[in-house]
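Source file: work11.tsv; contents: TSV, C-alpha atoms.
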```tsv
chain	number	residue	atom	x	y	z
A	1	MET	CA	62.91	99.23	58.31
A	2	GLY	CA	59.30	99.23	59.45
A	3	GLU	CA	57.64	102.39	60.69
A	4	ASP	CA	57.14	100.84	64.11
A	5	VAL	CA	60.88	100.27	64.59
A	6	LYS	CA	62.92	103.25	65.76
A	7	SER	CA	66.47	103.77	64.53
A	8	VAL	CA	67.60	104.83	68.02
A	9	ILE	CA	66.08	104.60	71.46
A	10	ILE	CA	67.90	106.44	74.24
A	11	VAL	CA	67.37	105.11	77.75
A	12	GLY	CA	68.01	107.77	80.38
A	13	SER	CA	68.58	111.51	80.20
A	14	GLY	CA	71.02	113.88	81.89
A	15	PRO	CA	73.95	115.46	80.00
A	16	ALA	CA	74.86	112.18	78.28
A	17	GLY	CA	71.31	111.37	77.19
A	18	TYR	CA	70.34	114.84	76.03
A	19	THR	CA	73.58	115.25	74.07
A	20	ALA	CA	73.10	111.85	72.47
A	21	GLY	CA	69.56	112.93	71.62
A	22	LEU	CA	70.76	116.20	70.13
A	23	TYR	CA	73.32	114.55	67.85
A	24	SER	CA	70.98	111.69	66.88
A	25	ALA	CA	68.20	114.13	66.04
A	26	ARG	CA	70.52	116.33	63.97
A	27	ALA	CA	71.56	113.17	62.11
A	28	LEU	CA	67.86	112.71	61.21
A	29	LEU	CA	67.58	109.43	63.12
A	30	SER	CA	64.30	110.47	64.80
A	31	PRO	CA	65.45	109.29	68.24
A	32	LEU	CA	63.05	108.38	71.03
A	33	MET	CA	64.16	108.96	74.61
A	34	PHE	CA	62.75	107.43	77.77
A	35	ALA	CA	64.06	109.98	80.24
A	36	GLY	CA	62.73	108.34	83.39
A	37	TYR	CA	60.28	109.63	85.96
A	38	MET	CA	63.13	111.64	87.56
A	39	SER	CA	64.58	113.00	84.33
A	40	GLY	CA	67.74	115.05	84.32
A	41	GLY	CA	70.09	112.85	86.33
A	42	GLN	CA	72.35	113.91	89.20
A	43	LEU	CA	72.38	117.56	88.09
A	44	MET	CA	68.79	117.86	89.26
A	45	LEU	CA	70.31	117.80	92.78
A	46	THR	CA	72.99	120.40	92.03
A	47	SER	CA	72.10	123.98	92.88
A	48	ASP	CA	74.79	125.71	90.79
A	49	VAL	CA	77.01	124.52	87.96
A	50	GLU	CA	80.05	126.73	87.45
A	51	ASN	CA	82.43	124.37	85.63
A	52	PHE	CA	80.51	123.70	82.41
A	53	PRO	CA	81.93	125.70	79.46
A	54	GLY	CA	79.66	128.39	78.08
A	55	TYR	CA	78.13	129.53	81.36
A	56	PRO	CA	80.46	132.26	82.67
A	57	LYS	CA	78.04	133.19	85.45
A	58	GLY	CA	77.12	129.62	86.27
A	59	ILE	CA	73.72	127.98	85.95
A	60	GLY	CA	71.44	125.91	88.15
A	61	GLY	CA	71.63	122.19	87.51
A	62	PRO	CA	67.89	121.77	86.86
A	63	GLU	CA	67.90	124.86	84.61
A	64	MET	CA	70.77	123.42	82.58
A	65	MET	CA	68.91	120.15	82.10
A	66	VAL	CA	65.80	122.01	80.91
A	67	GLU	CA	67.91	123.92	78.36
A	68	MET	CA	69.68	120.78	77.13
A	69	ARG	CA	66.35	119.03	76.71
A	70	GLU	CA	64.77	121.95	74.87
A	71	GLN	CA	67.73	122.17	72.51
A	72	ALA	CA	67.53	118.47	71.64
A	73	GLU	CA	63.75	118.59	71.24
A	74	ARG	CA	64.08	121.53	68.87
A	75	PHE	CA	65.93	119.24	66.46
A	76	GLY	CA	63.42	116.44	66.75
A	77	LEU	CA	64.18	114.37	69.87
A	78	GLU	CA	61.00	112.80	71.22
A	79	VAL	CA	61.07	112.56	75.02
A	80	GLN	CA	58.82	110.54	77.27
A	81	ASP	CA	59.29	110.92	81.04
A	82	LYS	CA	58.87	107.23	81.75
A	83	ASN	CA	61.06	104.47	83.16
A	84	VAL	CA	62.20	101.53	81.08
A	85	GLU	CA	61.17	98.35	82.86
A	86	ARG	CA	63.16	95.80	80.90
A	87	VAL	CA	64.83	95.16	77.56
A	88	ASP	CA	65.54	92.19	75.30
A	89	LEU	CA	68.94	92.44	73.66
A	90	SER	CA	69.03	88.88	72.30
A	91	GLN	CA	68.05	89.89	68.78
A	92	ARG	CA	67.52	92.92	66.57
A	93	PRO	CA	65.43	94.92	66.51
A	94	PHE	CA	65.85	95.22	70.26
A	95	SER	CA	62.75	95.30	72.46
A	96	VAL	CA	62.18	97.90	75.16
A	97	TRP	CA	59.23	97.67	77.57
A	98	VAL	CA	57.82	100.84	79.11
A	99	GLU	CA	54.74	100.71	81.34
A	100	GLY	CA	53.80	97.40	79.74
A	101	GLU	CA	54.13	98.69	76.17
A	102	GLU	CA	56.78	97.26	73.84
A	103	PHE	CA	58.94	99.48	71.66
A	104	LYS	CA	61.48	98.28	69.10
A	105	ALA	CA	64.73	99.84	67.94
A	106	GLU	CA	67.66	99.00	65.70
A	107	SER	CA	70.06	100.56	68.21
A	108	LEU	CA	70.05	101.61	71.85
A	109	ILE	CA	72.05	104.21	73.74
A	110	ILE	CA	72.09	103.57	77.50
A	111	CYS	CA	72.50	106.78	79.55
A	112	THR	CA	70.89	105.85	82.85
A	113	GLY	CA	73.79	107.12	84.96
A	114	ALA	CA	74.75	106.14	88.47
A	115	GLU	CA	73.06	107.18	91.66
A	116	ALA	CA	75.02	108.22	94.70
A	117	ILE	CA	74.54	106.07	97.77
A	118	TRP	CA	73.03	108.30	100.46
A	119	LEU	CA	73.06	107.86	104.21
A	120	GLY	CA	69.34	108.14	104.74
A	121	ALA	CA	69.84	110.25	107.86
A	122	GLU	CA	67.03	112.40	109.23
A	123	GLY	CA	66.67	115.66	107.28
A	124	GLU	CA	68.79	114.48	104.37
A	125	GLU	CA	66.18	114.76	101.64
A	126	GLU	CA	65.45	118.37	102.57
A	127	GLN	CA	69.14	119.37	102.50
A	128	LYS	CA	70.19	117.74	99.23
A	129	GLY	CA	71.53	120.59	97.12
A	130	ARG	CA	71.23	122.98	100.10
A	131	GLY	CA	74.52	122.04	101.71
A	132	ILE	CA	74.70	118.28	101.21
A	133	SER	CA	76.40	117.04	98.05
A	134	THR	CA	78.03	113.92	96.63
A	135	CYS	CA	80.48	115.72	94.35
A	136	ALA	CA	83.33	117.81	95.77
A	137	THR	CA	84.58	118.74	92.31
A	138	CYS	CA	81.14	120.11	91.45
A	139	ASP	CA	80.32	121.97	94.64
A	140	GLY	CA	83.45	122.42	96.74
A	141	ALA	CA	84.08	125.99	95.60
A	142	PHE	CA	80.81	127.12	97.18
A	143	PHE	CA	82.24	126.57	100.65
A	144	ARG	CA	85.24	128.88	100.75
A	145	ASP	CA	86.55	129.48	104.26
A	146	GLU	CA	83.78	127.37	105.77
A	147	GLU	CA	83.77	124.22	107.88
A	148	ILE	CA	82.59	121.12	106.06
A	149	ILE	CA	82.45	117.38	106.66
A	150	VAL	CA	83.09	114.37	104.46
A	151	VAL	CA	81.39	111.06	105.24
A	152	GLY	CA	83.17	107.89	104.18
A	153	GLY	CA	86.22	105.72	104.70
A	154	GLY	CA	87.48	104.80	101.24
A	155	ASP	CA	89.87	106.37	98.77
A	156	SER	CA	87.10	108.52	97.34
A	157	ALA	CA	86.38	110.04	100.75
A	158	MET	CA	90.08	110.78	101.32
A	159	GLU	CA	90.43	112.30	97.84
A	160	GLU	CA	87.36	114.47	98.37
A	161	ALA	CA	88.59	115.63	101.77
A	162	ILE	CA	92.02	116.57	100.40
A	163	PHE	CA	90.48	118.35	97.43
A	164	LEU	CA	88.13	120.31	99.68
A	165	THR	CA	91.00	121.73	101.73
A	166	ARG	CA	91.57	124.08	98.80
A	167	PHE	CA	88.41	125.91	99.79
A	168	ALA	CA	87.33	125.02	103.32
A	169	SER	CA	88.81	126.36	106.54
A	170	LYS	CA	88.43	122.89	108.04
A	171	VAL	CA	87.40	119.45	106.78
A	172	THR	CA	86.23	116.76	109.20
A	173	VAL	CA	86.11	113.18	107.91
A	174	ILE	CA	83.38	111.11	109.57
A	175	HIS	CA	83.74	107.31	109.53
A	176	ARG	CA	81.63	104.80	111.42
A	177	ARG	CA	84.50	102.36	112.00
A	178	GLU	CA	88.13	102.55	113.04
A	179	VAL	CA	89.37	100.59	110.03
A	180	PHE	CA	89.45	102.41	106.70
A	181	LYS	CA	89.02	100.93	103.23
A	182	ALA	CA	91.23	103.69	101.86
A	183	SER	CA	94.73	102.78	100.75
A	184	LYS	CA	97.43	103.48	103.29
A	185	VAL	CA	98.96	106.28	101.24
A	186	MET	CA	95.63	108.06	100.74
A	187	TYR	CA	94.68	107.71	104.40
A	188	GLU	CA	98.02	109.07	105.59
A	189	ARG	CA	97.86	111.95	103.16
A	190	ALA	CA	94.50	112.97	104.60
A	191	ALA	CA	95.39	112.27	108.23
A	192	GLU	CA	98.55	114.37	108.01
A	193	HIS	CA	96.88	117.36	106.36
A	194	PRO	CA	96.69	120.32	108.77
A	195	LYS	CA	93.14	121.22	107.67
A	196	ILE	CA	91.72	117.72	108.07
A	197	GLU	CA	90.43	116.09	111.26
A	198	ILE	CA	89.35	112.45	111.22
A	199	LYS	CA	86.62	111.24	113.58
A	200	THR	CA	86.15	107.48	113.84
A	201	PHE	CA	83.23	105.58	115.38
A	202	ARG	CA	80.89	108.33	114.24
A	203	GLN	CA	77.88	108.23	111.95
A	204	VAL	CA	75.44	110.96	110.98
A	205	LYS	CA	72.13	110.52	112.77
A	206	LYS	CA	70.53	113.82	111.81
A	207	TRP	CA	71.26	116.88	109.69
A	208	ILE	CA	70.63	120.28	111.28
A	209	ALA	CA	69.13	122.96	109.05
A	210	GLY	CA	69.05	126.72	109.40
A	211	ASP	CA	67.21	129.39	107.44
A	212	GLN	CA	69.74	129.33	104.59
A	213	GLY	CA	70.54	125.63	104.55
A	214	LEU	CA	72.76	123.20	106.41
A	215	ILE	CA	74.36	124.37	109.67
A	216	GLY	CA	75.42	121.12	111.31
A	217	ALA	CA	74.86	117.47	112.10
A	218	VAL	CA	74.17	115.19	115.04
A	219	LEU	CA	76.78	112.43	115.17
A	220	GLU	CA	76.19	109.11	116.90
A	221	ASP	CA	78.73	106.64	118.22
A	222	PRO	CA	77.54	103.23	116.93
A	223	ARG	CA	79.16	101.49	119.88
A	224	ASP	CA	77.11	103.05	122.67
A	225	GLY	CA	74.64	105.44	121.01
A	226	SER	CA	76.19	108.56	122.53
A	227	GLU	CA	75.71	111.73	120.49
A	228	GLU	CA	77.51	114.97	119.74
A	229	GLU	CA	76.81	117.93	117.48
A	230	ILE	CA	79.19	119.27	114.86
A	231	SER	CA	78.91	122.57	113.02
A	232	CYS	CA	79.23	122.58	109.23
A	233	SER	CA	77.75	124.53	106.35
A	234	GLY	CA	78.58	121.84	103.82
A	235	ALA	CA	78.70	118.05	103.79
A	236	PHE	CA	79.92	115.63	101.15
A	237	ILE	CA	78.81	112.01	101.22
A	238	ALA	CA	81.42	109.72	99.69
A	239	ILE	CA	80.28	106.18	100.39
A	240	GLY	CA	79.98	105.12	96.76
A	241	HIS	CA	77.82	105.18	93.66
A	242	LYS	CA	75.61	102.51	92.12
A	243	PRO	CA	75.14	102.37	88.34
A	244	ILE	CA	71.50	102.15	87.26
A	245	THR	CA	71.44	98.94	85.26
A	246	SER	CA	68.92	96.63	86.93
A	247	PHE	CA	66.54	96.90	83.95
A	248	LEU	CA	69.22	95.27	81.75
A	249	ASP	CA	68.96	91.99	83.69
A	250	ASP	CA	72.66	91.17	83.16
A	251	GLN	CA	72.38	91.23	79.37
A	252	LEU	CA	75.39	93.55	79.03
A	253	GLU	CA	78.90	92.96	80.28
A	254	THR	CA	79.75	95.02	83.37
A	255	ASP	CA	82.77	95.33	85.61
A	256	SER	CA	82.98	94.14	89.20
A	257	GLU	CA	81.13	97.27	90.41
A	258	GLY	CA	78.32	96.99	87.89
A	259	TYR	CA	79.44	99.67	85.42
A	260	ILE	CA	78.83	98.90	81.75
A	261	VAL	CA	81.97	97.96	79.82
A	262	HIS	CA	82.78	99.41	76.39
A	263	LYS	CA	84.08	96.96	73.80
A	264	GLU	CA	84.70	99.21	70.79
A	265	ASN	CA	84.56	102.98	71.22
A	266	THR	CA	81.22	103.47	73.02
A	267	MET	CA	79.67	100.18	71.86
A	268	THR	CA	79.04	97.50	74.45
A	269	ALA	CA	79.49	93.76	74.16
A	270	VAL	CA	76.18	93.65	72.24
A	271	PRO	CA	76.56	95.16	68.75
A	272	GLY	CA	74.13	98.03	68.30
A	273	VAL	CA	73.94	98.82	72.01
A	274	PHE	CA	75.95	101.84	73.13
A	275	ALA	CA	76.47	103.37	76.57
A	276	ALA	CA	77.47	106.84	77.76
A	277	GLY	CA	77.86	108.88	80.91
A	278	ASP	CA	78.03	107.79	84.52
A	279	VAL	CA	76.63	104.32	83.81
A	280	VAL	CA	80.08	103.72	82.28
A	281	ASP	CA	82.29	106.35	83.89
A	282	LYS	CA	83.27	105.83	87.52
A	283	ARG	CA	86.32	108.09	87.37
A	284	TYR	CA	85.29	111.58	86.24
A	285	ARG	CA	81.51	111.81	86.81
A	286	GLN	CA	81.29	115.32	85.38
A	287	ALA	CA	78.55	116.88	83.27
A	288	ILE	CA	81.06	117.82	80.58
A	289	THR	CA	82.54	114.33	80.28
A	290	ALA	CA	79.08	112.77	80.23
A	291	ALA	CA	77.98	115.15	77.47
A	292	GLY	CA	81.11	114.36	75.48
A	293	MET	CA	80.49	110.64	75.75
A	294	GLY	CA	76.86	111.14	74.74
A	295	CYS	CA	78.08	112.86	71.59
A	296	GLN	CA	80.46	109.96	70.89
A	297	ALA	CA	77.74	107.36	71.42
A	298	ALA	CA	75.36	109.11	69.03
A	299	ILE	CA	78.03	109.35	66.32
A	300	ASP	CA	79.03	105.71	66.89
A	301	ALA	CA	75.39	104.62	66.63
A	302	GLU	CA	74.90	106.63	63.44
A	303	LYS	CA	77.99	105.09	61.80
A	304	TRP	CA	77.04	101.61	62.94
A	305	LEU	CA	73.53	101.94	61.51
A	306	GLU	CA	74.97	103.09	58.21
A	307	GLU	CA	77.17	100.00	58.09
A	308	GLN	CA	74.17	97.74	58.69
A	309	ASP	CA	72.28	99.30	55.80
```
Show me the file's structure as structure tokens.
Amino acid sequence: MGEDVKSVIIVGSGPAGYTAGLYSARALLSPLMFAGYMSGGQLMLTSDVENFPGYPKGIGGPEMMVEMREQAERFGLEVQDKNVERVDLSQRPFSVWVEGEEFKAESLIICTGAEAIWLGAEGEEEQKGRGISTCATCDGAFFRDEEIIVVGGGDSAMEEAIFLTRFASKVTVIHRREVFKASKVMYERAAEHPKIEIKTFRQVKKWIAGDQGLIGAVLEDPRDGSEEEISCSGAFIAIGHKPITSFLDDQLETDSEGYIVHKENTMTAVPGVFAAGDVVDKRYRQAITAAGMGCQAAIDAEKWLEEQD
């Protein structure tokens, strides 16, 4: 193998990418990671992580990502905070273009994750991680005995609302239409819950901030533009996620929602190309499951490379 061809290039960072980098580096594969301009993934928007083993007092999401990166770099992971523009998976070594420069690798591990779809309402950017979240499992426990809202009309929104009743004193589901995409059973389960109120024909126009974070929202009726205010210290947006795969240009098999499909363990339909984390996983979307899959992908890549040699 020529010196200009890497054994492993990791595209993306976050728990999956950094764990893949750690295991690849410890296997002496000299991995190169393109972490992206916004390295760290969804956890960069999470203020506190309390459900990752090994942190009994919790840890900030950005702080955790810094520690994961430092650990992987200590064993030899090379990280560049740049975006991958495109790839060519038609032949090995694979080609990866970054800021116009071509890199080659015998194997790739894709860990680009999925980005939550946000509302884009006024004040949203400022309140991300300060009351507004896209993960009830991650952040619900921070809102014990408080009033919170969930935005969305599908099964995910109903599941999040029901889950959040464990902590919140009241959960209000906001949906811009009267018809819900949620299954009948999930909708009824939410609608019948004593802690849940469902407001239809409402959409968030503006988030209201206080000194310590979110304190409410301005809701708008899309039919006539009338407005009302609602108090809440927490809000969970559940209108979907979008896997980050545009740079692949349809060269890997994906499911109907765009998530990469595994063919054998963590290997994709293209031999030598592996995928881990939220770019594959639309069910769990947890830091711990992403890290576990990153470990699996690195081990799978190592074994596959050995077989090629």
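The nearest approach to A:Glu126 among the residues A:Gly213, A:Gly294, A:Gly272, A:Gly14, with only C-alpha atoms taken into account, belongs to A:Gly213.
Closest approach to A:Ala217 among A:Asp145, A:Glu229, A:Glu63, A:Asp249: A:Glu229, based on all atoms listed in the file.
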Task: Neighbour list for stretch 150-158 of chain A as number ranges by chain, cut-off 8 Å, only C-alpha atoms, skip fewer than 4 positions in-chain - done: A: 162, 171-175, 180-183, 186-187, 190, 235-240
TODO: Rounded to one decimal place, report the atom CA of A:Val66-atom CA of A:His262 distance in Å.
DONE: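 Taking atom CA of A:Val66 and atom CA of A:His262, their separation equals 28.6 Å.
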- [ ] Measure the distance from atom CA of A:Tyr18 to atom CA of A:Glu85 in Å and round it to one decimal.
- [x]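 Interatomic distance, atom CA of A:Tyr18 to atom CA of A:Glu85: 20.1 Å.
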Open item on the list: Please list as an MDAnalysis selection string every residue within 9 Å of A:Arg92, counting all atoms listed in the file and excluding residues in the same chain fewer than 5 positions away.
Closed with: chainID A and resid 104:107 272
Give as a short mmCIF file (atom, residue, chain, number, x, y, z; two decimals) with C-alpha atoms, in the frame of the given file the set of residues within 6 Å of the point (72.9, 105.5, 86.3), where distances use the file's coordinates and all atoms listed in the file.
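Result saved to selection.cif:
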```cif
data_model
loop_
_atom_site.label_atom_id
_atom_site.label_comp_id
_atom_site.auth_asym_id
_atom_site.auth_seq_id
_atom_site.Cartn_x
_atom_site.Cartn_y
_atom_site.Cartn_z
CA THR A 112 70.89 105.85 82.85
CA GLY A 113 73.79 107.12 84.96
CA ALA A 114 74.75 106.14 88.47
CA GLU A 115 73.06 107.18 91.66
CA PRO A 243 75.14 102.37 88.34
CA ILE A 244 71.50 102.15 87.26
CA ASP A 278 78.03 107.79 84.52
CA VAL A 279 76.63 104.32 83.81
#
```
Open item on the list: I'd like the interatomic distance between atom CA of A:Ile148 and atom CA of A:Ala161, to a tenth of an Å.
Closed with: 9.2 Å
Might you pull out every residue within 10 Å of stretch 47-57 of chain A, with only C-alpha atoms counted and same-chain residues fewer than 2 positions away left off, and present them as a compact mmCIF listing (two decimals) with C-alpha atoms, in the coordinates of the input?
```txt
# COMPACT_ATOMS: atom_id res chain seq x y z
CA LEU A 43 72.38 117.56 88.09
CA MET A 44 68.79 117.86 89.26
CA LEU A 45 70.31 117.80 92.78
CA ILE A 59 73.72 127.98 85.95
CA GLY A 60 71.44 125.91 88.15
CA GLY A 61 71.63 122.19 87.51
CA PRO A 62 67.89 121.77 86.86
CA GLU A 63 67.90 124.86 84.61
CA MET A 64 70.77 123.42 82.58
CA LYS A 128 70.19 117.74 99.23
CA GLY A 129 71.53 120.59 97.12
CA ARG A 130 71.23 122.98 100.10
CA GLY A 131 74.52 122.04 101.71
CA SER A 133 76.40 117.04 98.05
CA THR A 137 84.58 118.74 92.31
CA CYS A 138 81.14 120.11 91.45
CA ASP A 139 80.32 121.97 94.64
CA ALA A 141 84.08 125.99 95.60
CA PHE A 142 80.81 127.12 97.18
CA GLN A 286 81.29 115.32 85.38
CA ALA A 287 78.55 116.88 83.27
CA ILE A 288 81.06 117.82 80.58
CA THR A 289 82.54 114.33 80.28
```
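Across A:Gln251, A:Ser13, A:Gln212, A:Ser90, the tightest approach to A:Gly41 is made by A:Ser13 when counting only C-alpha atoms.
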Dump stretch 265-276 of chain A with all heavy atoms to a file, as an mmCIF file, in the first residue's frame.
```
data_model
loop_
_atom_site.group_PDB
_atom_site.id
_atom_site.type_symbol
_atom_site.label_atom_id
_atom_site.label_comp_id
_atom_site.auth_asym_id
_atom_site.auth_seq_id
_atom_site.Cartn_x
_atom_site.Cartn_y
_atom_site.Cartn_z
ATOM 1 N N ASN A 265 -22.822 -7.053 9.233
ATOM 2 C CA ASN A 265 -22.355 -6.356 10.431
ATOM 3 C C ASN A 265 -22.485 -4.849 10.198
ATOM 4 O O ASN A 265 -23.575 -4.377 9.924
ATOM 5 C CB ASN A 265 -20.943 -6.803 10.789
ATOM 6 C CG ASN A 265 -20.882 -8.299 11.096
ATOM 7 O OD1 ASN A 265 -21.775 -8.841 11.753
ATOM 8 N ND2 ASN A 265 -19.858 -8.972 10.608
ATOM 9 N N THR A 266 -21.383 -4.095 10.256
ATOM 10 C CA THR A 266 -21.494 -2.653 10.011
ATOM 11 C C THR A 266 -21.065 -2.262 8.604
ATOM 12 O O THR A 266 -20.978 -1.071 8.299
ATOM 13 C CB THR A 266 -20.655 -1.850 11.027
ATOM 14 O OG1 THR A 266 -19.278 -2.214 10.889
ATOM 15 C CG2 THR A 266 -21.135 -2.110 12.456
ATOM 16 N N MET A 267 -20.808 -3.253 7.744
ATOM 17 C CA MET A 267 -20.398 -2.928 6.374
ATOM 18 C C MET A 267 -21.622 -2.635 5.518
ATOM 19 O O MET A 267 -22.664 -3.262 5.656
ATOM 20 C CB MET A 267 -19.589 -4.059 5.754
ATOM 21 C CG MET A 267 -18.926 -3.677 4.427
ATOM 22 S SD MET A 267 -17.459 -4.660 4.032
ATOM 23 C CE MET A 267 -18.194 -6.274 3.799
ATOM 24 N N THR A 268 -21.463 -1.678 4.634
ATOM 25 C CA THR A 268 -22.539 -1.255 3.740
ATOM 26 C C THR A 268 -22.563 -2.141 2.501
ATOM 27 O O THR A 268 -21.863 -3.152 2.413
ATOM 28 C CB THR A 268 -22.340 0.207 3.320
ATOM 29 O OG1 THR A 268 -21.180 0.296 2.469
ATOM 30 C CG2 THR A 268 -22.125 1.109 4.549
ATOM 31 N N ALA A 269 -23.357 -1.733 1.521
ATOM 32 C CA ALA A 269 -23.444 -2.480 0.276
ATOM 33 C C ALA A 269 -22.143 -2.415 -0.526
ATOM 34 O O ALA A 269 -21.937 -3.222 -1.441
ATOM 35 C CB ALA A 269 -24.611 -1.958 -0.564
ATOM 36 N N VAL A 270 -21.265 -1.476 -0.198
ATOM 37 C CA VAL A 270 -19.962 -1.377 -0.869
ATOM 38 C C VAL A 270 -18.900 -1.977 0.048
ATOM 39 O O VAL A 270 -18.640 -1.422 1.125
ATOM 40 C CB VAL A 270 -19.607 0.090 -1.203
ATOM 41 C CG1 VAL A 270 -18.208 0.176 -1.810
ATOM 42 C CG2 VAL A 270 -20.637 0.687 -2.150
ATOM 43 N N PRO A 271 -18.290 -3.084 -0.317
ATOM 44 C CA PRO A 271 -17.254 -3.692 0.527
ATOM 45 C C PRO A 271 -16.141 -2.694 0.846
ATOM 46 O O PRO A 271 -15.640 -1.999 -0.040
ATOM 47 C CB PRO A 271 -16.731 -4.854 -0.332
ATOM 48 C CG PRO A 271 -17.889 -5.205 -1.210
ATOM 49 C CD PRO A 271 -18.555 -3.901 -1.525
ATOM 50 N N GLY A 272 -15.791 -2.617 2.122
ATOM 51 C CA GLY A 272 -14.754 -1.687 2.548
ATOM 52 C C GLY A 272 -15.293 -0.364 3.054
ATOM 53 O O GLY A 272 -14.531 0.447 3.581
ATOM 54 N N VAL A 273 -16.589 -0.164 2.904
ATOM 55 C CA VAL A 273 -17.219 1.057 3.413
ATOM 56 C C VAL A 273 -18.151 0.670 4.560
ATOM 57 O O VAL A 273 -19.065 -0.145 4.385
ATOM 58 C CB VAL A 273 -18.012 1.802 2.327
ATOM 59 C CG1 VAL A 273 -18.648 3.064 2.910
ATOM 60 C CG2 VAL A 273 -17.094 2.172 1.167
ATOM 61 N N PHE A 274 -17.896 1.242 5.719
ATOM 62 C CA PHE A 274 -18.643 0.923 6.933
ATOM 63 C C PHE A 274 -19.382 2.169 7.399
ATOM 64 O O PHE A 274 -19.021 3.288 7.038
ATOM 65 C CB PHE A 274 -17.682 0.423 8.019
ATOM 66 C CG PHE A 274 -16.851 -0.758 7.561
ATOM 67 C CD1 PHE A 274 -15.691 -0.565 6.802
ATOM 68 C CD2 PHE A 274 -17.232 -2.048 7.870
ATOM 69 C CE1 PHE A 274 -14.938 -1.647 6.352
ATOM 70 C CE2 PHE A 274 -16.484 -3.139 7.432
ATOM 71 C CZ PHE A 274 -15.335 -2.932 6.674
ATOM 72 N N ALA A 275 -20.395 1.975 8.216
ATOM 73 C CA ALA A 275 -21.180 3.120 8.699
ATOM 74 C C ALA A 275 -21.575 2.877 10.141
ATOM 75 O O ALA A 275 -21.851 1.745 10.552
ATOM 76 C CB ALA A 275 -22.410 3.334 7.837
ATOM 77 N N ALA A 276 -21.611 3.963 10.931
ATOM 78 C CA ALA A 276 -21.919 3.839 12.355
ATOM 79 C C ALA A 276 -22.614 5.087 12.866
ATOM 80 O O ALA A 276 -22.425 6.184 12.340
ATOM 81 C CB ALA A 276 -20.630 3.598 13.150
#
```
